[in-house]
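> One structure coming up, written as structure tokens, with questions to follow.
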Amino acid sequence: MSEPARPSALAPFQVRNYRFQWPADLLTSWAFEMELIILGWYVLVETGSVVLLTLFASLGYIGTLVAPMFGVVGDRIGHRDLLGMMRATYAVLAGVLMTLALSGQLAPVYVFIVAAVMGVVRPSDLGVRGALVATIMPQGQLVGAISISRTTMDTARIAGALSGAGLFASLGMGPAYVAIVCLYVIATALTLCIVTPAKPNAAGEAAGEALQRSPLRDLKEGVAYVWTTPRMQAALWVAFLANLTAYPLSNGLLPYIAKTIYGTNQTGLGYLSASFAIGSLAGSIVLSLIRDIRVARLMIASTVVWYVTLLVFAQMQTVPTAIMCLVVAGFSQSLAMISIAVILMRTASENFRGRVMGVRMMVIYGLPIGLLAAGSLIDEIGFAATGTLYAAAGLALMMAIVLHWRADLWHVHAPANAR
């Protein structure tokens with residue numbers, strides 16, 4: 001007998017709901033990246049302070065502390081409805097900045113205020129969209145669907161970074177924000193076109209009872225559920241460590257690196273940001289084409305490569321060499337983050353998916369901590385020493401995590417490595 005045909009990398013698009021969610025996520029991610037590039041450059045130029053730049057970047061992650069509550073709400077009202085409301089909020093806030101920019105009233109203080117409000121909601125977007133993917137997709141297509149979903153973020157860092165920098169440089173902030181508002185509005189409409197599967201009556205009755213329970217009780221149950229599952233706990237520690245020590249070097253600090261270390265402009269910043277995204281996109285595509293992977297082992301190996309690459313990146317003095325490092329770093333971080341998402345979604349029961357992804361988003365709070373500490377360290381010891389310290393510490397702590405949870409992460413028969 002012949003072997004069954006291997007599933008296509010585009011198989012998730014056979015599901016109607018996925019054909020709406022993927023472009024909605026794509027447009028949202030493009031708008032995110034355009035805002036990040038435009039506002040990061042604006043703050044750095046207007047204030048001239050790397051500390052204020054890291055403060056601005058940190059404000060975008062305020063909501064990580066309340067992300068589990070977004071998971072509770074998603075489990076109660078539905079992930080589609082919650083995501084639609086969140087994206088409508090992005091459109092309104094972007095509209096405020098657009099109006100201020102077009103009227104000539106924009107100032108850094110307004111950017112910080114809007115960034116703080118946006119930062120309450122936006123960190124939960126990735127977790128809610130991940131829970132929605134797990135809800136609408138068959139279990140057998142989950143790895144492929146999550147991998148392809150990851151491409152929305154990766155292509156956004158390419159197209160969003162380059163288009164955002166280009167629009168800002170050529171037309172100014174106001175016209176650039178007109179495009180951003182349009183992206184958010186279309187993404188909201190596409191999100192609301194998703195039809196979530198109907199639940200059986202028994203599940204519906206359980207949901208009705210859940211609505212009568214205290215949200216804090218639901219939150220405690222979700223945290224306890226994660227904390228008593230070793231492979232979930234290990235994956236979350238890896239995610240926290242990456243946000244604390246790896247992402248600051250390739251995300252929030254890029255405007256400073258582009259301007260101060262390499263002496264380039266908005267266009268150069270766009271190239272640096274896009275190079276990381278190109279590597280990440282390649283990683284997402286490769287993983288969507290591969291089947292039967294030991295996911296936990298892949299998470300470990302790719303995270304180690306990521307840190308080693310960042311050690312090299314911290315020493316680079318030219319844009320071309322930095323771009324090469326960022327491509328490799330982007331490739332490895334994509335494999336690591338997809339692996340973490342797959343481990344969490346495979347492990348979580350349907351009733352806990354929102355809360356599990358909410359806890360996952362909460363660990364992103366390591367990023368603003370890492371950013372603020374990096375800003376202070378750079379003023380004292382410089383970028384190269386700070387980058388080396390972050391990458392070396394991250395690598396050492398990653399090894400400690402692997403040793404502590406080696407039975408749950410490295411053993412070939414561990415559930416996290418199930419094929």
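Please note that chains go A, B, ... in the order of the structure tokens, that every chain numbers its residues from 1, and that ligands are numbered from 1 in the order shown.
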Tell me, as a VMD selection string, which residues lie within 9 Å of stretch 192-195 of chain A, counting only C-alpha atoms; anything in the same chain fewer than 2 positions away does not count.

chain A and resid 16 to 21 80 to 81 83 to 84 136 187 to 190 197 to 198

> Based on the backbone DSSP call, show me all residues of stretch 70-242 of chain A assigned alpha helix (DSSP H), as JSON, numbers by chain.

{"A": [70, 71, 72, 73, 74, 75, 76, 77, 79, 80, 81, 82, 83, 84, 85, 86, 87, 88, 89, 90, 91, 92, 93, 94, 95, 96, 97, 98, 99, 100, 101, 102, 108, 109, 110, 111, 112, 113, 114, 115, 116, 117, 118, 119, 120, 121, 125, 126, 127, 128, 129, 130, 131, 132, 133, 134, 135, 136, 142, 143, 144, 145, 146, 147, 148, 149, 150, 151, 152, 153, 154, 155, 161, 162, 163, 164, 165, 166, 167, 168, 169, 170, 171, 173, 174, 175, 176, 177, 178, 179, 180, 181, 182, 183, 184, 185, 186, 187, 188, 189, 190, 191, 192, 201, 202, 203, 204, 205, 206, 207, 208, 209, 210, 211, 212, 215, 216, 217, 218, 219, 220, 221, 222, 223, 224, 225, 226, 227, 230, 231, 232, 233, 234, 235, 236, 237, 238, 239, 240, 241, 242]}

> Need the shell around stretch 96-113 of chain A: protein/DNA/RNA residues with any atom at most 6 Å away, counting only C-alpha atoms. Skip same-chain ones fewer than 2 positions apart. Format as a PyMOL selection string?

chain A and resi 93-94+115-116+174+177

> Interatomic distance between atom CA of A:Ala11 and atom CA of A:Ile285?

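Distance between the two atoms: 13.2 Å.
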
> For A:Phe168, which residue among A:Ser280, A:Ala57, A:Leu39, A:Leu272 is the nearest when counting only C-alpha atoms?

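Of all the options, A:Leu39 lies closest to A:Phe168.
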
> May I ask which of the residues A:Val359, A:Leu298, A:Ala336, A:Leu377 is the closest one to A:Val72, counting only C-alpha atoms?

A:Val359

> Considering only C-alpha atoms, state which residue in the set A:Met118, A:Leu82, A:Ala131, A:Leu183 is at the smallest distance from A:Thr64.

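Nearest to A:Thr64: A:Met118.
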
> Which polymer residues have any atom within 10 Å of an atom of stretch 66-71 of chain A, counting only C-alpha atoms, with same-chain residues fewer than 3 positions away left out, as a PyMOL selection string?

chain A and resi 61-63+74-76+78-79+82-83+120-125+127-128+131+215-216+218-220+222-223+352-365

> With C-alpha atoms retained, write the just-selected residues as a compact mmCIF listing (two decimals), in the first residue's frame.


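The result, written out as part.txt:
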```
# COMPACT_ATOMS: atom_id res chain seq x y z
CA TYR A 61 3.93 45.74 27.64
CA ILE A 62 2.04 47.11 30.65
CA GLY A 63 -0.84 44.79 29.85
CA GLY A 74 -11.90 35.05 26.27
CA ASP A 75 -12.86 31.74 27.85
CA ARG A 76 -16.15 33.32 28.97
CA GLY A 78 -15.45 33.76 23.19
CA HIS A 79 -12.03 34.51 21.75
CA LEU A 82 -12.75 39.57 22.53
CA LEU A 83 -10.28 39.88 19.66
CA VAL A 120 -2.77 47.52 28.40
CA VAL A 121 -4.54 45.75 25.54
CA ARG A 122 -2.02 44.89 22.84
CA PRO A 123 0.20 42.34 24.65
CA SER A 124 -2.79 39.99 24.89
CA ASP A 125 -3.43 40.00 21.14
CA GLY A 127 -2.35 34.99 23.15
CA VAL A 128 -5.99 35.50 22.18
CA ALA A 131 -6.34 30.45 21.54
CA PRO A 215 -13.27 35.82 37.47
CA LEU A 216 -10.54 35.73 40.14
CA ASP A 218 -11.06 31.33 37.12
CA LEU A 219 -7.73 33.15 37.06
CA LYS A 220 -6.40 31.20 40.06
CA GLY A 222 -5.70 28.87 35.23
CA VAL A 223 -2.45 29.78 36.97
CA PHE A 352 -8.31 26.46 29.79
CA ARG A 353 -6.78 27.59 26.50
CA GLY A 354 -7.54 31.28 26.98
CA ARG A 355 -6.16 31.32 30.51
CA VAL A 356 -3.07 29.34 29.52
CA MET A 357 -2.28 31.80 26.73
CA GLY A 358 -3.06 34.66 29.12
CA VAL A 359 -0.39 33.37 31.51
CA ARG A 360 1.90 32.98 28.48
CA MET A 361 1.41 36.65 27.66
CA MET A 362 2.05 37.64 31.27
CA VAL A 363 5.64 36.38 31.06
CA ILE A 364 6.25 38.97 28.34
CA TYR A 365 6.61 41.36 31.27
```

> If I take atom CA of A:Phe56 and atom CA of A:Leu44, how far is one from the other in Å, to one decimal?

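Going from atom CA of A:Phe56 over to atom CA of A:Leu44 covers 9.5 Å.
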
> What's around A:Thr229 at 12 Å? Count only C-alpha atoms, leave out sequence neighbours fewer than 5 positions away in its own chain, and write the answer as a VMD selection string.

chain A and resid 222 to 224 234 to 236 343 to 344 347 to 349 356 405 408 415 to 416

> Which polymer residues have any atom within 9 Å of an atom of stretch 255-270 of chain A, counting only C-alpha atoms, with same-chain residues fewer than 5 positions away left out, as a short mmCIF file (atom, residue, chain, number, x, y, z; two decimals) with N, CA, C and O atoms, in the first residue's frame?


```
data_model
loop_
_atom_site.label_atom_id
_atom_site.label_comp_id
_atom_site.auth_asym_id
_atom_site.auth_seq_id
_atom_site.Cartn_x
_atom_site.Cartn_y
_atom_site.Cartn_z
N ILE A 37 7.99 51.20 14.68
CA ILE A 37 9.08 51.87 13.99
C ILE A 37 8.89 53.39 14.03
O ILE A 37 9.80 54.16 14.38
N ILE A 38 7.70 53.84 13.67
CA ILE A 38 7.43 55.28 13.57
C ILE A 38 7.55 55.97 14.93
O ILE A 38 8.24 56.99 15.08
N GLY A 40 8.92 54.79 17.76
CA GLY A 40 10.24 54.64 18.37
C GLY A 40 11.22 55.67 17.84
O GLY A 40 11.97 56.29 18.60
N TRP A 41 11.21 55.87 16.51
CA TRP A 41 12.10 56.87 15.92
C TRP A 41 11.70 58.28 16.37
O TRP A 41 12.55 59.10 16.68
N LEU A 44 12.89 58.90 19.96
CA LEU A 44 14.34 59.04 20.05
C LEU A 44 14.81 60.39 19.50
O LEU A 44 15.64 61.07 20.10
N SER A 49 16.98 60.66 24.08
CA SER A 49 17.32 59.88 25.28
C SER A 49 17.06 58.40 25.05
O SER A 49 15.94 58.01 24.71
N VAL A 50 18.08 57.55 25.27
CA VAL A 50 17.89 56.11 25.16
C VAL A 50 17.04 55.60 26.32
O VAL A 50 16.30 54.61 26.18
N LEU A 53 13.55 56.18 25.34
CA LEU A 53 13.22 55.23 24.30
C LEU A 53 12.85 53.88 24.90
O LEU A 53 11.84 53.26 24.52
N ARG A 157 7.03 42.42 10.19
CA ARG A 157 8.28 43.06 10.54
C ARG A 157 9.10 43.40 9.31
O ARG A 157 9.99 44.24 9.35
N ILE A 158 8.79 42.74 8.19
CA ILE A 158 9.44 43.11 6.93
C ILE A 158 8.67 44.25 6.27
O ILE A 158 9.16 45.37 6.12
N GLY A 160 5.88 45.83 7.29
CA GLY A 160 5.48 46.89 8.20
C GLY A 160 6.64 47.82 8.54
O GLY A 160 6.49 49.04 8.55
N ALA A 161 7.80 47.23 8.81
CA ALA A 161 8.96 48.05 9.17
C ALA A 161 9.40 48.92 7.99
O ALA A 161 9.64 50.12 8.14
N LEU A 162 9.50 48.30 6.81
CA LEU A 162 9.98 49.06 5.66
C LEU A 162 8.96 50.10 5.20
O LEU A 162 9.32 51.24 4.89
N SER A 163 7.67 49.71 5.16
CA SER A 163 6.65 50.67 4.72
C SER A 163 6.45 51.77 5.75
O SER A 163 6.26 52.94 5.39
N GLY A 164 6.50 51.40 7.04
CA GLY A 164 6.36 52.42 8.08
C GLY A 164 7.48 53.43 8.03
O GLY A 164 7.25 54.64 8.08
N ALA A 165 8.71 52.94 7.92
CA ALA A 165 9.86 53.85 7.84
C ALA A 165 9.80 54.68 6.56
O ALA A 165 10.08 55.89 6.57
N GLY A 166 9.39 54.04 5.45
CA GLY A 166 9.32 54.77 4.19
C GLY A 166 8.25 55.85 4.19
O GLY A 166 8.49 56.98 3.74
N PHE A 168 6.94 57.33 6.82
CA PHE A 168 7.31 58.37 7.78
C PHE A 168 8.35 59.31 7.17
O PHE A 168 8.26 60.54 7.31
N ALA A 169 9.35 58.71 6.50
CA ALA A 169 10.42 59.53 5.94
C ALA A 169 9.95 60.39 4.76
O ALA A 169 10.39 61.52 4.60
N LEU A 249 17.43 43.16 22.80
CA LEU A 249 18.53 43.45 21.88
C LEU A 249 18.06 43.55 20.43
O LEU A 249 18.67 44.24 19.63
N SER A 275 15.44 42.60 8.61
CA SER A 275 16.35 41.45 8.51
C SER A 275 16.02 40.41 9.58
O SER A 275 16.04 39.20 9.31
N GLN A 317 30.00 45.97 14.21
CA GLN A 317 30.18 47.41 14.09
C GLN A 317 29.67 47.98 12.77
O GLN A 317 29.72 49.19 12.56
N THR A 318 29.18 47.12 11.87
CA THR A 318 28.68 47.59 10.58
C THR A 318 27.28 47.05 10.35
O THR A 318 26.92 45.98 10.86
N VAL A 319 26.51 47.76 9.53
CA VAL A 319 25.13 47.35 9.25
C VAL A 319 25.07 46.01 8.52
O VAL A 319 24.26 45.15 8.90
N PHE A 383 26.77 49.70 24.76
CA PHE A 383 25.90 48.68 24.19
C PHE A 383 26.58 47.33 24.08
O PHE A 383 25.99 46.29 24.38
#
```
